[in-house]
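First comes the structure, then the notes that go with it.
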Amino acid sequence: MTEETPGFDEQQPDVPSGAPSDDAEPQAAAPSPEDEAAPAGDTEQNAALVAQLDQARSALNERTADLQRLQAEFQNYRRRVERDRAAVKETAVANLLTELLPVLDDIGRAREHGELVGGFKSVAESLETTAAKLGLQQFGKEGEPFDPTIHEALMHSYAPDVTETTCVAILQPGYRIGERTIRPARVAVAEPQPGAQTALPAEEGTEAQADGENKENGGPEEG
């Protein structure tokens, strides 16, 4: 006779008939209307951001162009100011040196007459050196061709030994600063003698005439 082991029945909790069981797979929740509207809202927001970015780029390009234009205008202004400043300086120096020209003329005459001696010579040479440092240049020499742009003729004569209008004497030297003439050289000029022709000596003329006659007559007779 077999004995039965006493046991107990595991009681299962009562589960409603309509409730899902634990083993049932969860079902995906249905999308709400707000979730369906989300992609459309993101697209509009992205479009707005792109439009703002384009506006920012356009504003940046405009500001960059304005900055470049202002920089170019400033460079032109600076060059113009420097050019005007240099012109004012050159004019001021030219005016100062023009006032000193009579003093330099007196120094030149004193040197020609041998009166430039002692302390006066040192002062005169210092003044000439300072004027040269400021750009003053002296010009005008005897024997150079006459140029009306830099020479002023105060005396006129004719000379047989010149082939063009020539400065034969420098009455007052000229001065320039760079390419700017502040005083022309005052000179005495000589021109070629009008109608002058180079004539052969009398003997040479006679010999040439005799040679011509001999050629016409067939030459001298040989005896």
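Labeling convention for the structure tokens: chains A, B, ... as they appear, residues from 1 per chain, ligands from 1 in order of appearance.
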Please identify all polymer residues within 12 Å of Gly143 (chain A), counting only C-alpha atoms, omitting same-chain residues fewer than 4 positions from it, and present them as a PDB file with C-alpha atoms, in the first residue's frame.
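Result saved to result20.pdb:
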```
ATOM      1  CA  ASP A 147      68.472 127.923 -71.375  1.00  0.00           C
ATOM      2  CA  ASP A 161      83.694 131.985 -81.793  1.00  0.00           C
ATOM      3  CA  VAL A 162      80.291 130.640 -80.661  1.00  0.00           C
ATOM      4  CA  THR A 163      77.953 128.421 -82.650  1.00  0.00           C
ATOM      5  CA  GLU A 164      74.871 128.891 -80.425  1.00  0.00           C
ATOM      6  CA  THR A 165      73.571 131.274 -77.822  1.00  0.00           C
ATOM      7  CA  THR A 166      76.046 130.825 -74.965  1.00  0.00           C
ATOM      8  CA  CYS A 167      76.442 132.166 -71.450  1.00  0.00           C
ATOM      9  CA  VAL A 168      79.704 134.079 -71.553  1.00  0.00           C
ATOM     10  CA  ALA A 169      79.493 135.616 -68.064  1.00  0.00           C
ATOM     11  CA  ILE A 170      77.599 134.784 -64.857  1.00  0.00           C
ATOM     12  CA  VAL A 187      73.937 135.932 -67.277  1.00  0.00           C
ATOM     13  CA  ALA A 188      75.463 137.740 -70.224  1.00  0.00           C
ATOM     14  CA  VAL A 189      74.948 135.867 -73.472  1.00  0.00           C
ATOM     15  CA  ALA A 190      76.623 135.920 -76.850  1.00  0.00           C
ATOM     16  CA  GLU A 191      75.186 134.814 -80.169  1.00  0.00           C
TER      17      GLU A 191
END
```
Problem - Residues within 10 Å of region 106-113 of chain A, only C-alpha atoms, excluding chain neighbours under 6 positions, as a list in words - result: Phe120, Lys121, Val123, Ala124, Glu125, Leu127, Glu128, Gln172 and Pro173 of chain A
File dump, residues just selected, N, CA and C atoms, as a PDB file, in the first residue's frame:
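Okay, selection_13.pdb is ready:
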```
ATOM      1  N   PHE A 120      84.893 135.998 -40.295  1.00  0.00           N
ATOM      2  CA  PHE A 120      83.836 136.163 -41.297  1.00  0.00           C
ATOM      3  C   PHE A 120      83.812 134.977 -42.268  1.00  0.00           C
ATOM      4  N   LYS A 121      84.989 134.451 -42.592  1.00  0.00           N
ATOM      5  CA  LYS A 121      85.052 133.299 -43.491  1.00  0.00           C
ATOM      6  C   LYS A 121      84.403 132.071 -42.864  1.00  0.00           C
ATOM      7  N   VAL A 123      82.051 131.991 -40.518  1.00  0.00           N
ATOM      8  CA  VAL A 123      80.594 132.182 -40.463  1.00  0.00           C
ATOM      9  C   VAL A 123      79.974 131.989 -41.838  1.00  0.00           C
ATOM     10  N   ALA A 124      80.640 132.517 -42.866  1.00  0.00           N
ATOM     11  CA  ALA A 124      80.104 132.406 -44.227  1.00  0.00           C
ATOM     12  C   ALA A 124      80.061 130.951 -44.677  1.00  0.00           C
ATOM     13  N   GLU A 125      81.133 130.214 -44.402  1.00  0.00           N
ATOM     14  CA  GLU A 125      81.152 128.810 -44.799  1.00  0.00           C
ATOM     15  C   GLU A 125      80.110 127.990 -44.035  1.00  0.00           C
ATOM     16  N   LEU A 127      77.244 129.125 -42.959  1.00  0.00           N
ATOM     17  CA  LEU A 127      75.949 129.469 -43.544  1.00  0.00           C
ATOM     18  C   LEU A 127      75.745 128.738 -44.862  1.00  0.00           C
ATOM     19  N   GLU A 128      76.763 128.689 -45.700  1.00  0.00           N
ATOM     20  CA  GLU A 128      76.650 127.981 -46.970  1.00  0.00           C
ATOM     21  C   GLU A 128      76.431 126.479 -46.756  1.00  0.00           C
ATOM     22  N   GLN A 172      75.070 136.765 -61.836  1.00  0.00           N
ATOM     23  CA  GLN A 172      74.514 136.373 -60.533  1.00  0.00           C
ATOM     24  C   GLN A 172      74.125 134.901 -60.621  1.00  0.00           C
ATOM     25  N   PRO A 173      74.643 134.045 -59.747  1.00  0.00           N
ATOM     26  CA  PRO A 173      74.341 132.613 -59.859  1.00  0.00           C
ATOM     27  C   PRO A 173      72.873 132.324 -59.567  1.00  0.00           C
TER      28      PRO A 173
END
```
Exercise for the section: Write out as JSON, numbers by chain all residues of region 38-200 of chain A that DSSP puts in alpha helix (DSSP H) for this structure's backbone. Expected result: {"A": [38, 39, 40, 41, 42, 43, 44, 45, 46, 47, 48, 49, 50, 51, 52, 53, 54, 55, 56, 57, 58, 59, 60, 61, 62, 63, 64, 65, 66, 67, 68, 69, 70, 71, 72, 73, 74, 75, 76, 77, 78, 79, 80, 81, 82, 83, 84, 85, 86, 87, 88, 89, 90, 91, 92, 93, 94, 95, 96, 97, 98, 99, 100, 101, 102, 103, 104, 105, 106, 107, 108, 109, 110, 111, 112, 118, 119, 120, 121, 122, 123, 124, 125, 126, 127, 128, 129, 130, 131, 132, 133]}
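With only C-alpha atoms as the basis for measurement, A:Leu136 is the residue among A:Leu60, A:Ala72, A:Leu136, A:Leu154 that approaches Leu101 (chain A) most closely.
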Name the residues of region 69-207 of chain A that fall into strand (DSSP E or B) according to DSSP on the backbone, using the chain letters and numbers of this document, as a compact mmCIF listing (two decimals) with all heavy atoms, in the first residue's frame.
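The resulting file, part05.txt, is reproduced below:
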```txt
# COMPACT_ATOMS: atom_id res chain seq x y z
N LEU A 136 69.64 123.56 -50.89
CA LEU A 136 69.93 124.65 -51.81
C LEU A 136 71.12 124.27 -52.69
O LEU A 136 72.17 123.86 -52.21
CB LEU A 136 70.24 125.93 -51.03
CG LEU A 136 70.42 127.20 -51.88
CD1 LEU A 136 69.10 127.57 -52.56
CD2 LEU A 136 70.93 128.35 -51.02
N GLN A 137 70.94 124.43 -54.00
CA GLN A 137 71.98 124.12 -54.97
C GLN A 137 72.21 125.34 -55.86
O GLN A 137 71.26 125.97 -56.33
CB GLN A 137 71.58 122.92 -55.84
CG GLN A 137 71.37 121.64 -55.06
CD GLN A 137 70.89 120.51 -55.94
OE1 GLN A 137 70.68 120.68 -57.13
NE2 GLN A 137 70.72 119.33 -55.35
N GLN A 138 73.48 125.65 -56.08
CA GLN A 138 73.85 126.77 -56.95
C GLN A 138 74.14 126.25 -58.35
O GLN A 138 74.68 125.15 -58.52
CB GLN A 138 75.09 127.47 -56.38
CG GLN A 138 75.49 128.73 -57.13
CD GLN A 138 76.75 129.35 -56.53
OE1 GLN A 138 77.56 128.69 -55.90
NE2 GLN A 138 76.89 130.66 -56.72
N PHE A 139 73.74 127.02 -59.37
CA PHE A 139 74.01 126.62 -60.74
C PHE A 139 74.31 127.86 -61.58
O PHE A 139 74.02 128.99 -61.18
CB PHE A 139 72.84 125.83 -61.34
CG PHE A 139 71.57 126.63 -61.50
CD1 PHE A 139 71.30 127.31 -62.68
CD2 PHE A 139 70.64 126.70 -60.47
CE1 PHE A 139 70.14 128.04 -62.84
CE2 PHE A 139 69.47 127.43 -60.62
CZ PHE A 139 69.22 128.09 -61.80
N PRO A 145 75.36 126.35 -72.68
CA PRO A 145 74.32 126.90 -73.57
C PRO A 145 73.25 127.65 -72.77
O PRO A 145 72.92 127.28 -71.65
CB PRO A 145 73.76 125.65 -74.25
CG PRO A 145 74.81 124.61 -74.11
CD PRO A 145 75.50 124.89 -72.82
N HIS A 151 67.94 130.41 -67.07
CA HIS A 151 68.83 131.56 -67.22
C HIS A 151 67.99 132.82 -67.51
O HIS A 151 66.95 132.74 -68.17
CB HIS A 151 69.83 131.36 -68.36
CG HIS A 151 70.79 130.23 -68.12
ND1 HIS A 151 71.19 129.37 -69.11
CD2 HIS A 151 71.42 129.84 -66.99
CE1 HIS A 151 72.04 128.49 -68.60
NE2 HIS A 151 72.18 128.75 -67.31
N GLU A 152 68.50 133.92 -67.04
CA GLU A 152 67.90 135.23 -67.34
C GLU A 152 68.99 136.10 -67.96
O GLU A 152 69.97 136.43 -67.30
CB GLU A 152 67.35 135.87 -66.07
CG GLU A 152 66.70 137.24 -66.33
CD GLU A 152 66.18 137.87 -65.05
OE1 GLU A 152 66.25 137.21 -63.99
OE2 GLU A 152 65.74 139.04 -65.11
N ALA A 153 68.82 136.45 -69.23
CA ALA A 153 69.84 137.20 -69.96
C ALA A 153 69.71 138.69 -69.64
O ALA A 153 68.67 139.30 -69.92
CB ALA A 153 69.72 136.96 -71.45
N LEU A 154 70.75 139.25 -69.05
CA LEU A 154 70.78 140.68 -68.75
C LEU A 154 71.63 141.46 -69.74
O LEU A 154 71.46 142.68 -69.88
CB LEU A 154 71.32 140.90 -67.32
CG LEU A 154 70.52 140.26 -66.19
CD1 LEU A 154 71.13 140.63 -64.85
CD2 LEU A 154 69.06 140.69 -66.23
N MET A 155 72.54 140.80 -70.43
CA MET A 155 73.41 141.44 -71.43
C MET A 155 73.46 140.54 -72.65
O MET A 155 73.40 139.31 -72.54
CB MET A 155 74.82 141.66 -70.86
CG MET A 155 74.85 142.58 -69.65
SD MET A 155 76.54 142.77 -68.98
CE MET A 155 77.33 143.58 -70.36
N HIS A 156 73.57 141.20 -73.80
CA HIS A 156 73.55 140.45 -75.06
C HIS A 156 74.62 140.99 -75.98
O HIS A 156 74.84 142.22 -76.08
CB HIS A 156 72.18 140.57 -75.72
CG HIS A 156 72.08 139.87 -77.04
ND1 HIS A 156 72.36 140.49 -78.23
CD2 HIS A 156 71.73 138.61 -77.35
CE1 HIS A 156 72.19 139.64 -79.21
NE2 HIS A 156 71.79 138.48 -78.71
N SER A 157 75.30 140.10 -76.67
CA SER A 157 76.34 140.50 -77.62
C SER A 157 76.49 139.42 -78.67
O SER A 157 75.84 138.37 -78.60
CB SER A 157 77.68 140.74 -76.90
OG SER A 157 78.12 139.53 -76.29
N TYR A 158 77.37 139.72 -79.67
CA TYR A 158 77.66 138.75 -80.73
C TYR A 158 79.14 138.37 -80.63
O TYR A 158 79.99 139.20 -80.27
CB TYR A 158 77.37 139.33 -82.10
CG TYR A 158 75.90 139.61 -82.34
CD1 TYR A 158 75.40 140.89 -82.15
CD2 TYR A 158 75.04 138.60 -82.75
CE1 TYR A 158 74.06 141.15 -82.36
CE2 TYR A 158 73.69 138.85 -82.94
CZ TYR A 158 73.20 140.13 -82.75
OH TYR A 158 71.88 140.38 -82.96
N ALA A 159 79.43 137.12 -80.93
CA ALA A 159 80.81 136.65 -80.87
C ALA A 159 81.04 135.70 -82.04
O ALA A 159 80.18 134.88 -82.36
CB ALA A 159 81.08 135.94 -79.55
N THR A 166 75.22 131.37 -76.04
CA THR A 166 76.05 130.82 -74.97
C THR A 166 76.16 131.84 -73.84
O THR A 166 76.19 133.05 -74.06
CB THR A 166 77.46 130.49 -75.49
OG1 THR A 166 77.33 129.63 -76.63
CG2 THR A 166 78.29 129.80 -74.43
N CYS A 167 76.22 131.32 -72.62
CA CYS A 167 76.44 132.17 -71.45
C CYS A 167 77.94 132.47 -71.36
O CYS A 167 78.74 131.56 -71.14
CB CYS A 167 75.97 131.47 -70.18
SG CYS A 167 74.22 131.03 -70.17
N VAL A 168 78.29 133.72 -71.56
CA VAL A 168 79.70 134.08 -71.55
C VAL A 168 80.13 134.69 -70.23
O VAL A 168 81.32 134.82 -69.95
CB VAL A 168 80.02 135.05 -72.71
CG1 VAL A 168 79.83 134.36 -74.05
CG2 VAL A 168 79.14 136.30 -72.62
N ALA A 169 79.16 135.06 -69.38
CA ALA A 169 79.49 135.62 -68.06
C ALA A 169 78.31 135.36 -67.13
O ALA A 169 77.15 135.49 -67.53
CB ALA A 169 79.80 137.11 -68.17
N ILE A 170 78.62 135.01 -65.88
CA ILE A 170 77.60 134.78 -64.86
C ILE A 170 77.57 136.02 -63.97
O ILE A 170 78.49 136.27 -63.18
CB ILE A 170 77.90 133.52 -64.02
CG1 ILE A 170 78.08 132.31 -64.94
CG2 ILE A 170 76.78 133.27 -63.02
CD1 ILE A 170 76.86 131.97 -65.78
N LEU A 171 76.55 136.82 -64.15
CA LEU A 171 76.43 138.04 -63.36
C LEU A 171 75.90 137.76 -61.96
O LEU A 171 76.26 138.47 -61.00
CB LEU A 171 75.50 139.02 -64.07
CG LEU A 171 75.89 139.34 -65.52
CD1 LEU A 171 74.88 140.29 -66.14
CD2 LEU A 171 77.30 139.90 -65.60
N GLN A 172 75.07 136.76 -61.84
CA GLN A 172 74.51 136.37 -60.53
C GLN A 172 74.13 134.90 -60.62
O GLN A 172 73.35 134.53 -61.51
CB GLN A 172 73.30 137.23 -60.19
CG GLN A 172 72.93 137.25 -58.72
CD GLN A 172 71.83 138.27 -58.44
OE1 GLN A 172 70.81 138.31 -59.13
NE2 GLN A 172 72.05 139.11 -57.44
N GLY A 174 72.41 131.23 -60.13
CA GLY A 174 71.06 130.79 -59.86
C GLY A 174 71.03 129.77 -58.74
O GLY A 174 72.04 129.15 -58.40
N TYR A 175 69.83 129.57 -58.16
CA TYR A 175 69.68 128.62 -57.07
C TYR A 175 68.41 127.81 -57.30
O TYR A 175 67.40 128.31 -57.81
CB TYR A 175 69.61 129.34 -55.72
CG TYR A 175 70.92 129.95 -55.28
CD1 TYR A 175 71.21 131.29 -55.54
CD2 TYR A 175 71.87 129.18 -54.61
CE1 TYR A 175 72.42 131.85 -55.14
CE2 TYR A 175 73.08 129.74 -54.22
CZ TYR A 175 73.34 131.06 -54.47
OH TYR A 175 74.54 131.62 -54.08
N ARG A 176 68.49 126.55 -56.89
CA ARG A 176 67.34 125.65 -56.97
C ARG A 176 67.29 124.77 -55.73
O ARG A 176 68.30 124.56 -55.05
CB ARG A 176 67.40 124.78 -58.23
CG ARG A 176 68.55 123.79 -58.24
CD ARG A 176 68.34 122.71 -59.31
NE ARG A 176 68.35 123.26 -60.64
CZ ARG A 176 69.43 123.29 -61.42
NH1 ARG A 176 70.60 122.80 -60.99
NH2 ARG A 176 69.38 123.78 -62.64
N ILE A 177 66.09 124.25 -55.47
CA ILE A 177 65.89 123.25 -54.42
C ILE A 177 65.27 122.04 -55.08
O ILE A 177 64.10 122.08 -55.49
CB ILE A 177 64.98 123.77 -53.29
CG1 ILE A 177 65.61 124.99 -52.63
CG2 ILE A 177 64.72 122.68 -52.25
CD1 ILE A 177 64.72 125.61 -51.56
N ARG A 180 63.03 122.46 -58.26
CA ARG A 180 62.35 123.75 -58.21
C ARG A 180 63.38 124.88 -58.24
O ARG A 180 64.25 124.97 -57.37
CB ARG A 180 61.50 123.86 -56.94
CG ARG A 180 60.79 125.20 -56.76
CD ARG A 180 60.00 125.19 -55.47
NE ARG A 180 59.34 126.47 -55.25
CZ ARG A 180 58.63 126.77 -54.16
NH1 ARG A 180 58.46 125.84 -53.22
NH2 ARG A 180 58.06 127.94 -54.03
N THR A 181 63.29 125.74 -59.24
CA THR A 181 64.19 126.89 -59.36
C THR A 181 63.63 128.05 -58.57
O THR A 181 62.51 128.51 -58.83
CB THR A 181 64.37 127.30 -60.84
OG1 THR A 181 64.90 126.19 -61.58
CG2 THR A 181 65.30 128.48 -60.97
N ILE A 182 64.40 128.51 -57.59
CA ILE A 182 63.91 129.64 -56.78
C ILE A 182 64.49 130.97 -57.28
O ILE A 182 63.96 132.03 -56.94
CB ILE A 182 64.24 129.44 -55.29
CG1 ILE A 182 65.75 129.36 -55.06
CG2 ILE A 182 63.57 128.20 -54.75
CD1 ILE A 182 66.13 129.26 -53.59
N ARG A 183 65.57 130.91 -58.09
CA ARG A 183 66.05 132.11 -58.76
C ARG A 183 66.87 131.70 -59.97
O ARG A 183 67.78 130.88 -59.87
CB ARG A 183 66.93 132.97 -57.82
CG ARG A 183 67.23 134.35 -58.42
CD ARG A 183 68.13 135.15 -57.51
NE ARG A 183 69.52 134.70 -57.54
CZ ARG A 183 70.49 135.25 -56.81
NH1 ARG A 183 70.22 136.25 -55.99
NH2 ARG A 183 71.72 134.80 -56.90
N ALA A 185 69.64 131.94 -63.02
CA ALA A 185 70.98 132.53 -63.11
C ALA A 185 70.93 133.72 -64.06
O ALA A 185 70.44 133.61 -65.19
CB ALA A 185 71.97 131.47 -63.59
N ARG A 186 71.45 134.84 -63.62
CA ARG A 186 71.46 136.05 -64.44
C ARG A 186 72.80 136.12 -65.15
O ARG A 186 73.86 136.17 -64.51
CB ARG A 186 71.22 137.27 -63.56
CG ARG A 186 69.81 137.26 -62.99
CD ARG A 186 69.60 138.24 -61.88
NE ARG A 186 68.22 138.17 -61.37
CZ ARG A 186 67.79 138.82 -60.29
NH1 ARG A 186 68.62 139.59 -59.60
NH2 ARG A 186 66.53 138.69 -59.91
N VAL A 187 72.73 136.15 -66.48
CA VAL A 187 73.94 135.93 -67.28
C VAL A 187 74.02 136.96 -68.40
O VAL A 187 73.05 137.66 -68.72
CB VAL A 187 73.94 134.51 -67.88
CG1 VAL A 187 73.91 133.46 -66.78
CG2 VAL A 187 72.75 134.32 -68.83
N ALA A 188 75.23 137.02 -68.98
CA ALA A 188 75.46 137.74 -70.22
C ALA A 188 75.64 136.70 -71.32
O ALA A 188 76.38 135.72 -71.14
CB ALA A 188 76.70 138.62 -70.11
N VAL A 189 74.93 136.87 -72.41
CA VAL A 189 74.95 135.87 -73.47
C VAL A 189 75.56 136.46 -74.73
O VAL A 189 75.58 137.67 -74.94
CB VAL A 189 73.52 135.35 -73.78
CG1 VAL A 189 72.92 134.69 -72.56
CG2 VAL A 189 72.63 136.48 -74.29
N ALA A 190 76.06 135.54 -75.55
CA ALA A 190 76.62 135.92 -76.85
C ALA A 190 76.05 134.98 -77.90
O ALA A 190 75.91 133.78 -77.66
CB ALA A 190 78.14 135.84 -76.83
N GLU A 191 75.72 135.59 -79.06
CA GLU A 191 75.19 134.81 -80.17
C GLU A 191 76.18 134.82 -81.32
O GLU A 191 77.05 135.70 -81.39
CB GLU A 191 73.85 135.41 -80.63
CG GLU A 191 72.72 135.22 -79.64
CD GLU A 191 71.41 135.77 -80.19
OE1 GLU A 191 71.43 136.85 -80.82
OE2 GLU A 191 70.38 135.11 -80.00
N PRO A 192 76.06 133.86 -82.23
CA PRO A 192 76.95 133.88 -83.41
C PRO A 192 76.76 135.15 -84.21
O PRO A 192 75.65 135.71 -84.28
CB PRO A 192 76.52 132.63 -84.18
CG PRO A 192 75.85 131.75 -83.17
CD PRO A 192 75.19 132.67 -82.20
```
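The list of residues with at least one atom within 9 Å of Leu134 (chain A), based on only C-alpha atoms and without residues fewer than 3 positions apart in the same chain, reads Val93, Leu97, Thr129, Thr130, Ala131 and Ile177 of chain A.
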